[in-house]
>>> print(open('input-v8.cif').read())   # mmCIF, C-alpha atoms
data_data
loop_
_atom_site.label_atom_id
_atom_site.label_comp_id
_atom_site.auth_asym_id
_atom_site.auth_seq_id
_atom_site.Cartn_x
_atom_site.Cartn_y
_atom_site.Cartn_z
CA MET A 1 70.93 68.46 6.60
CA GLN A 2 71.45 65.18 8.45
CA PRO A 3 68.35 64.11 10.40
CA GLY A 4 67.89 63.58 14.11
CA LEU A 5 66.30 60.57 15.82
CA TYR A 6 63.96 61.16 18.76
CA VAL A 7 62.62 58.38 21.01
CA HIS A 8 59.80 59.20 23.42
CA ILE A 9 59.52 57.33 26.73
CA PRO A 10 56.18 58.43 28.22
CA TYR A 11 56.71 57.15 31.77
CA CYS A 12 57.48 59.40 34.74
CA GLN A 13 57.25 59.24 38.53
CA LYS A 14 54.40 61.75 38.65
CA LYS A 15 52.81 64.00 36.06
CA CYS A 16 54.02 67.57 36.65
CA GLY A 17 51.16 70.07 36.72
CA TYR A 18 52.66 72.31 34.00
CA CYS A 19 53.64 69.54 31.57
CA ASP A 20 51.68 69.07 28.34
CA PHE A 21 53.98 66.41 26.88
CA TYR A 22 52.36 62.99 26.72
CA SER A 23 53.37 61.10 29.87
CA VAL A 24 51.84 58.84 32.51
CA PRO A 25 53.03 57.80 35.99
CA LEU A 26 54.93 54.50 35.87
CA GLY A 27 53.67 53.03 39.14
CA ASP A 28 53.82 49.23 38.98
CA ARG A 29 53.30 49.03 35.22
CA SER A 30 55.35 46.62 33.14
CA VAL A 31 57.19 48.50 30.40
CA SER A 32 58.57 45.55 28.44
CA SER A 33 55.76 45.51 25.86
CA LEU A 34 56.26 49.22 25.15
CA ILE A 35 60.02 48.83 24.74
CA ARG A 36 59.44 45.94 22.32
CA ALA A 37 57.00 48.08 20.33
CA ILE A 38 59.41 51.03 20.24
CA LEU A 39 62.21 48.79 18.98
CA HIS A 40 59.88 47.25 16.41
CA GLU A 41 58.82 50.68 15.12
CA LEU A 42 62.45 51.79 15.10
CA ASP A 43 63.56 48.76 13.08
CA HIS A 44 60.80 49.32 10.52
CA ARG A 45 61.06 53.11 10.23
CA HIS A 46 64.67 54.13 10.77
CA GLN A 47 65.37 53.66 7.07
CA ASP A 48 62.65 56.23 6.26
CA ALA A 49 65.01 59.03 7.24
CA PRO A 50 67.96 60.10 5.07
CA ARG A 51 70.84 58.43 6.88
CA PRO A 52 73.12 58.79 8.71
CA PHE A 53 71.51 60.29 11.80
CA ARG A 54 73.37 63.27 13.21
CA THR A 55 71.84 63.07 16.68
CA ILE A 56 69.83 60.76 18.93
CA PHE A 57 67.70 62.12 21.74
CA VAL A 58 65.75 59.99 24.23
CA GLY A 59 63.18 62.07 26.10
CA GLY A 60 59.96 61.76 28.00
CA GLY A 61 58.64 61.46 30.58
CA THR A 62 61.70 60.25 32.38
CA PRO A 63 63.71 57.62 30.49
CA THR A 64 65.96 56.96 33.51
CA ILE A 65 62.97 55.71 35.51
CA LEU A 66 62.91 52.51 33.42
CA PRO A 67 63.97 49.24 35.08
CA LEU A 68 67.59 48.50 34.25
CA ASP A 69 66.86 45.48 31.99
CA ASP A 70 64.39 47.49 29.90
CA LEU A 71 66.75 50.44 29.78
CA ARG A 72 69.50 48.12 28.56
CA GLN A 73 67.32 46.59 25.85
CA LEU A 74 66.43 50.01 24.47
CA PHE A 75 69.84 51.67 24.68
CA GLN A 76 71.84 48.75 23.33
CA ARG A 77 69.85 49.02 20.08
CA LEU A 78 70.19 52.79 20.00
CA GLY A 79 73.90 52.40 20.71
CA GLU A 80 74.24 50.21 17.63
CA ILE A 81 72.69 52.94 15.50
CA ALA A 82 74.87 55.57 17.17
CA ARG A 83 78.02 53.61 16.29
CA GLN A 84 76.89 52.82 12.74
CA ASP A 85 75.98 56.44 12.02
CA GLN A 86 78.78 57.97 14.12
CA VAL A 87 76.27 60.37 15.67
CA ALA A 88 77.68 63.62 16.95
CA GLU A 89 75.38 63.82 19.98
CA PHE A 90 73.51 61.08 21.88
CA SER A 91 71.36 62.63 24.61
CA CYS A 92 69.08 61.31 27.33
CA GLU A 93 66.76 63.20 29.66
CA ALA A 94 66.89 62.42 33.37
CA ASN A 95 65.29 63.43 36.65
CA PRO A 96 67.97 64.23 39.26
CA ALA A 97 66.38 61.70 41.63
CA THR A 98 66.44 58.80 39.14
CA VAL A 99 70.11 58.34 38.27
CA ASP A 100 72.58 56.04 39.99
CA GLU A 101 75.92 54.44 39.18
CA GLN A 102 74.28 51.52 37.40
CA ASN A 103 72.11 53.38 34.91
CA ILE A 104 74.79 56.00 34.28
CA ALA A 105 77.31 53.23 33.51
CA LEU A 106 74.82 51.55 31.18
CA LEU A 107 74.07 54.75 29.28
CA VAL A 108 77.75 55.54 28.82
CA GLN A 109 78.48 51.97 27.72
CA CYS A 110 75.81 52.32 25.04
CA GLY A 111 77.29 55.58 23.74
CA VAL A 112 75.27 58.31 25.48
CA ASN A 113 77.48 61.41 25.66
CA ARG A 114 75.01 64.04 26.88
CA LEU A 115 72.57 64.12 29.81
CA SER A 116 69.80 66.67 30.31
CA PHE A 117 68.55 67.02 33.89
CA GLY A 118 65.19 68.56 34.75
CA VAL A 119 66.29 70.75 37.66
CA GLN A 120 63.75 73.62 37.36
CA SER A 121 64.64 75.22 40.74
CA TYR A 122 66.85 74.89 43.83
CA HIS A 123 64.06 76.08 46.13
CA GLN A 124 61.81 73.41 47.61
CA VAL A 125 58.71 75.61 47.69
CA GLU A 126 59.06 76.20 43.94
CA LEU A 127 59.68 72.51 43.26
CA ASP A 128 56.55 71.66 45.28
CA PHE A 129 54.51 74.16 43.25
CA LEU A 130 55.77 72.52 40.02
CA ASP A 131 55.01 69.00 41.36
CA ARG A 132 58.64 68.01 41.09
CA LEU A 133 59.60 65.03 43.24
CA HIS A 134 63.35 65.54 43.51
CA HIS A 135 65.10 67.49 46.27
CA PRO A 136 67.56 70.32 45.55
CA ASP A 137 70.37 68.19 47.00
CA ASP A 138 69.74 65.57 44.29
CA VAL A 139 71.09 67.94 41.65
CA PRO A 140 74.79 68.17 42.62
CA ARG A 141 74.74 64.47 43.48
CA SER A 142 73.40 63.47 40.05
CA VAL A 143 75.76 65.83 38.20
CA LYS A 144 78.72 64.35 40.11
CA LEU A 145 77.56 60.81 39.25
CA ALA A 146 77.32 61.76 35.58
CA ARG A 147 80.78 63.35 35.55
CA THR A 148 82.36 60.43 37.38
CA GLY A 149 80.64 58.00 35.03
CA GLY A 150 82.12 59.67 31.94
CA ILE A 151 79.50 62.19 30.76
CA ASN A 152 81.23 65.43 29.74
CA ASN A 153 78.23 67.25 28.25
CA ILE A 154 75.47 68.15 30.71
CA ASN A 155 72.38 70.34 30.37
CA LEU A 156 70.37 71.65 33.31
CA ASP A 157 66.77 72.76 32.69
CA LEU A 158 65.41 75.65 34.76
CA ILE A 159 62.00 77.36 34.95
CA PHE A 160 61.33 81.01 35.79
CA GLY A 161 58.04 82.84 36.16
CA VAL A 162 56.84 80.51 38.93
CA PRO A 163 54.21 82.23 41.14
CA GLY A 164 55.89 83.29 44.37
CA GLN A 165 59.35 83.26 42.78
CA THR A 166 61.42 86.39 43.32
CA LEU A 167 64.33 87.93 41.49
CA SER A 168 66.52 86.92 44.43
CA SER A 169 65.41 83.27 44.46
CA TRP A 170 65.81 83.02 40.67
CA GLN A 171 69.31 84.51 40.77
CA ASP A 172 70.18 82.02 43.51
CA THR A 173 68.99 79.16 41.28
CA LEU A 174 71.10 80.50 38.42
CA ARG A 175 74.21 80.86 40.59
CA ARG A 176 73.88 77.36 42.03
CA THR A 177 73.48 76.05 38.50
CA ILE A 178 76.57 77.91 37.30
CA ASP A 179 78.54 76.51 40.26
CA LEU A 180 78.03 73.00 38.81
CA HIS A 181 79.67 74.08 35.52
CA PRO A 182 77.18 72.50 33.10
CA GLU A 183 78.01 72.88 29.43
CA HIS A 184 74.44 73.91 28.63
CA ILE A 185 71.62 75.66 30.52
CA SER A 186 68.00 75.92 29.36
CA CYS A 187 65.83 78.59 31.00
CA TYR A 188 62.14 78.38 30.16
CA GLY A 189 59.39 80.75 31.21
CA LEU A 190 56.52 78.92 32.89
CA THR A 191 53.62 78.55 30.47
CA TYR A 192 50.01 77.64 31.16
CA GLU A 193 49.24 75.03 28.53
CA THR A 194 45.70 73.95 27.66
CA GLY A 195 44.60 70.81 29.46
CA THR A 196 47.23 70.83 32.20
CA ALA A 197 46.53 70.70 35.94
CA LEU A 198 48.34 74.02 36.36
CA THR A 199 46.03 75.75 33.89
CA ALA A 200 43.01 74.26 35.65
CA ARG A 201 44.21 75.81 38.92
CA LEU A 202 44.65 79.14 37.14
CA GLN A 203 41.14 79.02 35.72
CA LEU A 204 39.71 78.22 39.17
CA GLY A 205 41.43 81.27 40.61
CA GLN A 206 43.61 79.19 42.90
CA ILE A 207 46.83 80.77 41.63
CA GLU A 208 47.87 84.00 39.93
CA PRO A 209 50.53 84.19 37.23
CA MET A 210 53.67 86.18 37.85
CA ASP A 211 53.52 89.87 36.98
CA GLU A 212 54.73 90.30 33.38
CA ASP A 213 57.19 93.06 34.26
CA LEU A 214 58.77 90.91 36.98
CA GLU A 215 58.99 87.96 34.62
CA ALA A 216 60.74 90.18 32.06
CA ASP A 217 63.19 91.28 34.78
CA LEU A 218 63.96 87.63 35.55
CA TYR A 219 64.61 86.92 31.88
CA LEU A 220 66.92 89.90 31.48
CA ALA A 221 68.76 88.92 34.69
CA THR A 222 69.20 85.43 33.20
CA ILE A 223 70.90 86.74 30.09
CA GLU A 224 73.14 89.11 32.06
CA LEU A 225 74.28 86.57 34.65
CA LEU A 226 74.86 83.66 32.28
CA GLN A 227 76.74 85.77 29.76
CA ALA A 228 78.93 87.10 32.56
CA HIS A 229 79.96 83.49 33.25
CA GLY A 230 80.78 82.58 29.66
CA TYR A 231 77.45 81.16 28.49
CA GLU A 232 76.37 82.30 25.04
CA GLN A 233 72.68 82.74 24.35
CA TYR A 234 72.08 81.04 21.02
CA GLU A 235 68.28 80.63 21.25
CA ILE A 236 65.55 82.45 23.16
CA SER A 237 65.67 80.00 26.08
CA ASN A 238 69.03 78.29 25.65
CA PHE A 239 72.59 79.10 26.67
CA ALA A 240 75.78 77.16 26.14
CA LEU A 241 79.49 77.32 26.60
CA PRO A 242 81.27 77.86 23.26
CA GLY A 243 80.77 74.85 20.98
CA ARG A 244 78.24 73.16 23.30
CA GLN A 245 74.93 74.07 21.67
CA CYS A 246 72.34 71.29 21.56
CA GLU A 247 72.82 69.78 18.11
CA HIS A 248 69.51 67.93 18.24
CA ASN A 249 67.40 70.98 18.97
CA LEU A 250 69.25 72.93 16.29
CA ILE A 251 67.74 70.48 13.80
CA TYR A 252 64.26 71.40 15.07
CA TRP A 253 64.96 75.13 15.05
CA SER A 254 66.28 74.91 11.49
CA ASN A 255 63.13 72.99 10.52
CA GLY A 256 65.35 70.14 9.44
CA PRO A 257 64.38 66.45 9.15
CA TYR A 258 63.89 64.15 12.13
CA LEU A 259 62.32 60.77 12.89
CA GLY A 260 60.22 60.36 16.03
CA ILE A 261 59.66 56.95 17.59
CA GLY A 262 57.25 56.06 20.41
CA PRO A 263 53.82 57.20 21.61
CA SER A 264 53.07 60.84 20.69
CA ALA A 265 56.44 61.32 18.94
CA SER A 266 56.51 63.61 15.89
CA SER A 267 58.47 63.16 12.66
CA TYR A 268 59.25 65.56 9.84
CA LEU A 269 60.51 63.80 6.74
CA GLY A 270 60.29 64.62 3.04
CA GLY A 271 58.08 67.63 3.65
CA TYR A 272 55.54 65.62 5.69
CA ARG A 273 54.80 65.93 9.40
CA PHE A 274 53.65 62.79 11.21
CA LYS A 275 52.57 62.40 14.84
CA ASN A 276 52.14 59.06 16.57
CA VAL A 277 49.05 58.29 18.61
CA PRO A 278 49.38 59.64 22.19
CA HIS A 279 48.24 56.47 23.94
CA ILE A 280 50.50 53.63 25.06
CA GLY A 281 48.02 50.77 24.59
CA THR A 282 46.83 51.95 21.17
CA TYR A 283 50.42 52.53 20.06
CA ILE A 284 51.49 49.03 21.12
CA GLY A 285 48.46 47.49 19.40
CA ASP A 286 49.14 49.36 16.16
CA VAL A 287 52.79 48.33 16.04
CA GLU A 288 52.14 44.70 17.00
CA ASN A 289 49.47 44.40 14.30
CA GLY A 290 51.52 46.01 11.56
CA ARG A 291 49.54 49.26 11.45
CA ARG A 292 51.03 52.73 11.17
CA PRO A 293 51.07 54.23 14.68
CA TRP A 294 50.56 57.82 13.55
CA ARG A 295 47.20 59.58 13.57
CA GLU A 296 48.17 62.98 12.17
CA GLU A 297 49.80 63.58 8.79
CA GLU A 298 50.34 66.93 7.12
CA ARG A 299 52.13 68.06 3.99
CA LEU A 300 54.04 71.32 4.45
CA SER A 301 54.89 73.32 1.35
CA GLY A 302 54.94 76.83 -0.03
CA SER A 303 53.96 79.57 2.39
CA ALA A 304 52.89 77.03 5.02
CA LEU A 305 56.43 75.66 5.13
CA ALA A 306 57.79 79.20 5.08
CA GLY A 307 55.67 80.22 8.06
CA GLU A 308 56.73 77.32 10.23
CA THR A 309 60.38 77.66 9.24
CA ALA A 310 60.31 81.37 10.11
CA MET A 311 58.68 80.60 13.45
CA MET A 312 61.42 78.14 14.36
CA GLN A 313 64.43 80.02 13.02
CA LEU A 314 63.49 83.32 14.65
CA ARG A 315 64.02 81.62 18.01
CA LEU A 316 67.72 81.44 17.20
CA ASN A 317 69.90 84.44 18.01
CA GLN A 318 71.31 84.35 14.50
CA GLY A 319 67.75 84.51 13.15
CA ILE A 320 66.63 83.72 9.61
CA HIS A 321 69.38 83.51 6.99
CA ILE A 322 67.49 85.07 4.11
CA SER A 323 69.13 83.33 1.15
CA SER A 324 69.20 79.91 2.84
CA PHE A 325 65.57 80.31 3.86
CA THR A 326 64.59 81.16 0.28
CA LYS A 327 66.45 78.11 -1.02
CA GLN A 328 64.96 75.83 1.66
CA VAL A 329 61.30 76.78 1.25
CA GLY A 330 61.14 78.51 -2.13
CA VAL A 331 59.79 81.80 -0.78
CA ASP A 332 61.61 85.06 -0.06
CA PRO A 333 60.82 85.98 3.57
CA LEU A 334 61.32 89.69 2.86
CA GLN A 335 58.41 89.54 0.44
CA LEU A 336 56.23 87.04 2.29
CA PHE A 337 56.38 88.90 5.60
CA HIS A 338 56.87 92.39 4.19
CA GLU A 339 54.25 94.24 6.27
CA PRO A 340 55.06 92.87 9.76
CA LEU A 341 58.80 93.01 9.07
CA GLU A 342 58.50 96.68 8.20
CA ARG A 343 56.48 97.39 11.33
CA PHE A 344 58.64 95.39 13.73
CA THR A 345 61.90 96.84 12.42
CA ARG A 346 60.40 100.29 12.88
CA ASP A 347 59.57 99.33 16.49
CA CYS A 348 63.17 98.06 16.92
CA TRP A 349 61.96 94.53 17.69
CA LEU A 350 63.52 93.06 14.56
CA GLU A 351 66.65 93.95 12.62
CA ILE A 352 67.57 93.04 9.07
CA SER A 353 71.30 93.11 8.47
CA GLY A 354 74.11 90.98 7.10
CA GLY A 355 71.66 88.78 5.22
CA TYR A 356 69.71 87.85 8.38
CA ILE A 357 66.37 88.70 9.97
CA ARG A 358 66.75 88.49 13.74
CA LEU A 359 65.08 89.51 16.97
CA THR A 360 66.65 92.41 18.84
CA SER A 361 67.19 92.25 22.60
CA SER A 362 63.88 94.01 23.19
CA GLY A 363 62.23 91.85 20.54
CA ARG A 364 63.04 88.68 22.49
CA LEU A 365 60.81 89.94 25.28
CA VAL A 366 57.83 89.93 22.91
CA ALA A 367 58.91 87.06 20.67
CA ASN A 368 55.60 85.20 20.97
CA ARG A 369 53.70 88.25 19.75
CA ILE A 370 56.08 88.78 16.82
CA ILE A 371 55.94 85.14 15.75
CA SER A 372 52.15 85.05 16.13
CA GLU A 373 51.74 88.08 13.88
CA LEU A 374 54.09 86.65 11.27
CA LEU A 375 51.96 83.50 11.18
CA SER A 376 48.73 85.47 10.92
CA CYS A 377 49.82 87.28 7.76
CA GLU A 378 47.22 87.01 5.00
CA SER A 379 49.85 85.29 2.88
CA THR A 380 50.49 82.63 5.53
CA PRO A 381 47.68 80.05 5.69
CA SER A 382 46.32 78.65 8.92
CA ALA A 383 47.92 75.31 8.10
CA VAL A 384 51.17 76.42 9.70
CA ARG A 385 49.50 77.16 13.02
CA THR A 386 49.78 73.56 14.16
CA SER A 387 51.35 72.00 17.20
CA LEU A 388 55.12 72.03 17.13
CA PRO A 389 57.21 68.89 17.43
CA LEU A 390 58.29 67.85 20.88
CA ILE A 391 61.25 70.10 21.65
CA SER A 392 63.93 68.28 23.58
CA HIS A 393 66.18 69.85 26.16
#
>>> encode(input="input-v8.cif", output="C-alpha cells")
Amino acid sequence: MQPGLYVHIPYCQKKCGYCDFYSVPLGDRSVSSLIRAILHELDHRHQDAPRPFRTIFVGGGTPTILPLDDLRQLFQRLGEIARQDQVAEFSCEANPATVDEQNIALLVQCGVNRLSFGVQSYHQVELDFLDRLHHPDDVPRSVKLARTGGINNINLDLIFGVPGQTLSSWQDTLRRTIDLHPEHISCYGLTYETGTALTARLQLGQIEPMDEDLEADLYLATIELLQAHGYEQYEISNFALPGRQCEHNLIYWSNGPYLGIGPSASSYLGGYRFKNVPHIGTYIGDVENGRRPWREEERLSGSALAGETAMMQLRLNQGIHISSFTKQVGVDPLQLFHEPLERFTRDCWLEISGGYIRLTSSGRLVANRIISELLSCESTPSAVRTSLPLISH
C-alpha cells in the first residue's frame, strides 16, 4: 500500500473545549521558526517512507490561520512533493472563518484538491458550547469561496451528542449541510477525552452528557437522512458521495503506512509507530540540533499488530477482509478472536460472510464496546491498547 503524508500545524484561534489534539492558540506568536523546522524534518524524513506518497493531509489546529507568507512557504514545498509523487488526494483542514480568496488561491496553486471544514453545527448555542469561534453564516460563504477558487472535493465535519442538542436541531444541521452539496460529510459523536476542558466541566458537574438513547437516535437519523440524499456510509462516522471517500483516512483505517511531520504527529512505517514530541519549542529545538523529534517508539508485530489492525478495519463498513488480514499481520482473525466473534455474531452485532467480518447496523451502535472486548482478549496483549494516530477529517 502506498503511504500517506500527514503534516500537523498546531496553531488555532482558540482551543476548543472538547479537543484533545495537540494545539495552542496562535495569538501574536511568530510561526516562521516552526515552519522552518517542519520543512527541515520533512526534507530529512520523507525518504523514510516507501514512495510515492498516495495522499497528503495538512491538519491541526487550523492550518489556514497561518500568515500568508508562512502558508506559502509550507505549501509550495508540499506542492512539489504532490507533483513529484502524483498524489491522488491533497487535503487541508480549515475553519470556516479563516478562509479568504487569497489563501484559497494559494492552496489551489500549490495543488490542494480537497478542503475539510470544521463546521460542527449550524446552531450558535451549540457552537458556543463547543467553543467554536465561527458563525453559522461563515459556512456557506467559505464553501462558495472554495468552489469558486477551484476546489471540487469538500468535507464538512459535524458533531452530534452535544448537551442541549435535540433531534430537530441535529436534523436541521444535517439538512443545511446537505444543501451545500459537499462530497464528504463526517459526523462524530461528542466524546469526553481525558485532560480536556470539556471533561473537566463534566467532572465538576457543570454539564450532563446527552442521554445515550437520544444520542443513538441522532446517529440512526444521520444514517437515514444522508443515505436518502445519496451519501454512502463507508465508515462508522463518515459518509461520501460515490467515489469520494477520504483516501488519506482509508490508509489509517487499513493500518497502512504513513509519515507524520510536525509536533505531536504520528508515523507508522516498517512495523514501527513513532510519535513526535507534543511541544512546539522542544520540537523546534530537536530539529534544529539534529535530534530525532519523536519521544515514543513502538514495534507492532504478531497479535499486537493484529489487534490494532482489527480495531481500525472494523470501523469500515466493509469490515475485516479475512484473507487479506491474515496476509498482512500473519494471524487468522477467526482464530485469534474466536470467543468474542462467536458471542457477538450470536448477539447479531457482528456478521461473518463473504470472507469479511463486519459490524451489523445494531453493532455500530455499540462499536466501542465490541472493539474494546476484542482488544482485551487474552490472546491480544496490552501493547495494542495505545493511543491511535491522529485521524484526519
>>> residues_around(input="input-v8.cif", residues="Ala94 (chain A)", least_positions_apart="4", cutoff="7 Å", atoms="all atoms listed in the file", output="list of chain:residue names")
A:Thr62, A:Pro63, A:Thr64, A:Thr98, A:Leu115, A:Ser116, A:Phe117, A:Gly118
>>> resolve_selection(input="input-v8.cif", expression="the PyMOL selection byres ((chain A and resi 258-272) around 9)", output="count of residues only")
51
>>> residues_around(input="input-v8.cif", residues="Gly111 (chain A)", least_positions_apart="2", cutoff="6 Å", atoms="only C-alpha atoms", output="JSON, numbers by chain")
{"A": [79, 108, 109]}
>>> write_last_selection(input="input-v8.cif", atoms="C-alpha atoms", output="CSV table (one decimal), in the coordinates of the input")
chain,number,residue,atom,x,y,z
A,79,GLY,CA,73.9,52.4,20.7
A,108,VAL,CA,77.8,55.5,28.8
A,109,GLN,CA,78.5,52.0,27.7
>>> residues_around(input="input-v8.cif", residues="region 202-205 of chain A", least_positions_apart="3", cutoff="12 Å", atoms="all atoms listed in the file", output="list in words")
Gly17, Tyr18, Pro163, Thr191, Tyr192, Glu193, Thr194, Gly195, Thr196, Ala197, Leu198, Thr199, Glu208, Pro209 and Met210 of chain A
>>> closest_residue(input="input-v8.cif", among="A:Arg364, A:Arg346, A:His229, A:Arg141", to="Asp179 (chain A)", atoms="only C-alpha atoms")
A:His229
>>> closest_residue(input="input-v8.cif", among="A:Val112, A:Val162, A:Leu68, A:Ala82", to="Val125 (chain A)", atoms="only C-alpha atoms")
A:Val162
>>> resolve_selection(input="input-v8.cif", expression="the PyMOL selection byres ((chain A and resi 161) around 12)", output="number ranges by chain")
A: 120-121, 126, 129-130, 158-160, 162-167, 169-170, 187-192, 208-219, 222
>>> residues_near_point(input="input-v8.cif", point="(66.6, 90.8, 13.5)", cutoff="10 Å", atoms="all atoms listed in the file", output="list of chain:residue names")
A:Leu314, A:Asn317, A:Gln318, A:Gly319, A:Ile320, A:Leu341, A:Phe344, A:Thr345, A:Cys348, A:Trp349, A:Leu350, A:Glu351, A:Ile352, A:Ser353, A:Gly354, A:Gly355, A:Tyr356, A:Ile357, A:Arg358, A:Leu359, A:Thr360, A:Ser361, A:Gly363, A:Arg364
>>> closest_residue(input="input-v8.cif", among="A:Cys16, A:Ala105, A:Leu241, A:Gln86", to="Ile154 (chain A)", atoms="only C-alpha atoms")
A:Leu241
>>> atom_distance(input="input-v8.cif", atom1="CA of Val329 (chain A)", atom2="CA of Gly302 (chain A)")
6.5 Å
>>> atom_distance(input="input-v8.cif", atom1="CA of Gly150 (chain A)", atom2="CA of Leu180 (chain A)")
15.5 Å
>>> closest_residue(input="input-v8.cif", among="A:Ile370, A:Ile65, A:Met311, A:Cys110", to="Arg343 (chain A)", atoms="all atoms listed in the file")
A:Ile370
>>> decode(input="input-v8.cif", residues="region 156-179 of chain A", atoms="N, CA and C atoms", output="PDB file, in the first residue's frame")
ATOM      1  N   LEU A 156     -17.309  18.369   5.185  1.00  0.00           N
ATOM      2  CA  LEU A 156     -17.811  19.163   6.292  1.00  0.00           C
ATOM      3  C   LEU A 156     -17.906  18.267   7.516  1.00  0.00           C
ATOM      4  N   ASP A 157     -17.225  18.657   8.592  1.00  0.00           N
ATOM      5  CA  ASP A 157     -17.251  17.931   9.866  1.00  0.00           C
ATOM      6  C   ASP A 157     -18.419  18.405  10.716  1.00  0.00           C
ATOM      7  N   LEU A 158     -19.148  17.471  11.309  1.00  0.00           N
ATOM      8  CA  LEU A 158     -20.257  17.782  12.199  1.00  0.00           C
ATOM      9  C   LEU A 158     -20.103  16.999  13.495  1.00  0.00           C
ATOM     10  N   ILE A 159     -20.710  17.513  14.590  1.00  0.00           N
ATOM     11  CA  ILE A 159     -20.678  16.831  15.878  1.00  0.00           C
ATOM     12  C   ILE A 159     -22.094  16.698  16.421  1.00  0.00           C
ATOM     13  N   PHE A 160     -22.457  15.461  16.811  1.00  0.00           N
ATOM     14  CA  PHE A 160     -23.743  15.245  17.473  1.00  0.00           C
ATOM     15  C   PHE A 160     -23.488  14.756  18.892  1.00  0.00           C
ATOM     16  N   GLY A 161     -24.543  14.763  19.699  1.00  0.00           N
ATOM     17  CA  GLY A 161     -24.391  14.374  21.097  1.00  0.00           C
ATOM     18  C   GLY A 161     -24.035  15.542  21.995  1.00  0.00           C
ATOM     19  N   VAL A 162     -24.196  16.771  21.482  1.00  0.00           N
ATOM     20  CA  VAL A 162     -23.891  17.971  22.262  1.00  0.00           C
ATOM     21  C   VAL A 162     -25.005  18.179  23.303  1.00  0.00           C
ATOM     22  N   PRO A 163     -24.673  18.369  24.577  1.00  0.00           N
ATOM     23  CA  PRO A 163     -25.715  18.627  25.576  1.00  0.00           C
ATOM     24  C   PRO A 163     -26.624  19.781  25.150  1.00  0.00           C
ATOM     25  N   GLY A 164     -27.926  19.555  25.243  1.00  0.00           N
ATOM     26  CA  GLY A 164     -28.890  20.556  24.810  1.00  0.00           C
ATOM     27  C   GLY A 164     -29.327  20.404  23.360  1.00  0.00           C
ATOM     28  N   GLN A 165     -28.590  19.627  22.586  1.00  0.00           N
ATOM     29  CA  GLN A 165     -28.947  19.372  21.197  1.00  0.00           C
ATOM     30  C   GLN A 165     -30.181  18.480  21.157  1.00  0.00           C
ATOM     31  N   THR A 166     -31.037  18.722  20.170  1.00  0.00           N
ATOM     32  CA  THR A 166     -32.241  17.916  20.005  1.00  0.00           C
ATOM     33  C   THR A 166     -32.200  17.205  18.669  1.00  0.00           C
ATOM     34  N   LEU A 167     -33.081  16.243  18.505  1.00  0.00           N
ATOM     35  CA  LEU A 167     -33.185  15.566  17.213  1.00  0.00           C
ATOM     36  C   LEU A 167     -33.513  16.571  16.127  1.00  0.00           C
ATOM     37  N   SER A 168     -34.374  17.534  16.435  1.00  0.00           N
ATOM     38  CA  SER A 168     -34.765  18.546  15.454  1.00  0.00           C
ATOM     39  C   SER A 168     -33.585  19.434  15.059  1.00  0.00           C
ATOM     40  N   SER A 169     -32.816  19.897  16.044  1.00  0.00           N
ATOM     41  CA  SER A 169     -31.688  20.788  15.717  1.00  0.00           C
ATOM     42  C   SER A 169     -30.615  20.033  14.932  1.00  0.00           C
ATOM     43  N   TRP A 170     -30.404  18.747  15.275  1.00  0.00           N
ATOM     44  CA  TRP A 170     -29.409  17.953  14.556  1.00  0.00           C
ATOM     45  C   TRP A 170     -29.857  17.697  13.115  1.00  0.00           C
ATOM     46  N   GLN A 171     -31.114  17.379  12.912  1.00  0.00           N
ATOM     47  CA  GLN A 171     -31.611  17.170  11.553  1.00  0.00           C
ATOM     48  C   GLN A 171     -31.518  18.455  10.739  1.00  0.00           C
ATOM     49  N   ASP A 172     -31.725  19.599  11.381  1.00  0.00           N
ATOM     50  CA  ASP A 172     -31.568  20.878  10.693  1.00  0.00           C
ATOM     51  C   ASP A 172     -30.123  21.087  10.255  1.00  0.00           C
ATOM     52  N   THR A 173     -29.179  20.747  11.140  1.00  0.00           N
ATOM     53  CA  THR A 173     -27.759  20.844  10.781  1.00  0.00           C
ATOM     54  C   THR A 173     -27.441  19.932   9.599  1.00  0.00           C
ATOM     55  N   LEU A 174     -27.958  18.723   9.622  1.00  0.00           N
ATOM     56  CA  LEU A 174     -27.718  17.795   8.510  1.00  0.00           C
ATOM     57  C   LEU A 174     -28.294  18.334   7.207  1.00  0.00           C
ATOM     58  N   ARG A 175     -29.513  18.841   7.251  1.00  0.00           N
ATOM     59  CA  ARG A 175     -30.156  19.337   6.027  1.00  0.00           C
ATOM     60  C   ARG A 175     -29.403  20.548   5.457  1.00  0.00           C
ATOM     61  N   ARG A 176     -28.971  21.438   6.333  1.00  0.00           N
ATOM     62  CA  ARG A 176     -28.242  22.620   5.850  1.00  0.00           C
ATOM     63  C   ARG A 176     -26.879  22.216   5.293  1.00  0.00           C
ATOM     64  N   THR A 177     -26.319  21.161   5.829  1.00  0.00           N
ATOM     65  CA  THR A 177     -25.078  20.619   5.275  1.00  0.00           C
ATOM     66  C   THR A 177     -25.323  20.013   3.898  1.00  0.00           C
ATOM     67  N   ILE A 178     -26.352  19.212   3.780  1.00  0.00           N
ATOM     68  CA  ILE A 178     -26.686  18.577   2.501  1.00  0.00           C
ATOM     69  C   ILE A 178     -26.960  19.632   1.436  1.00  0.00           C
ATOM     70  N   ASP A 179     -27.589  20.743   1.814  1.00  0.00           N
ATOM     71  CA  ASP A 179     -27.917  21.805   0.865  1.00  0.00           C
ATOM     72  C   ASP A 179     -26.672  22.405   0.215  1.00  0.00           C
TER      73      ASP A 179
END
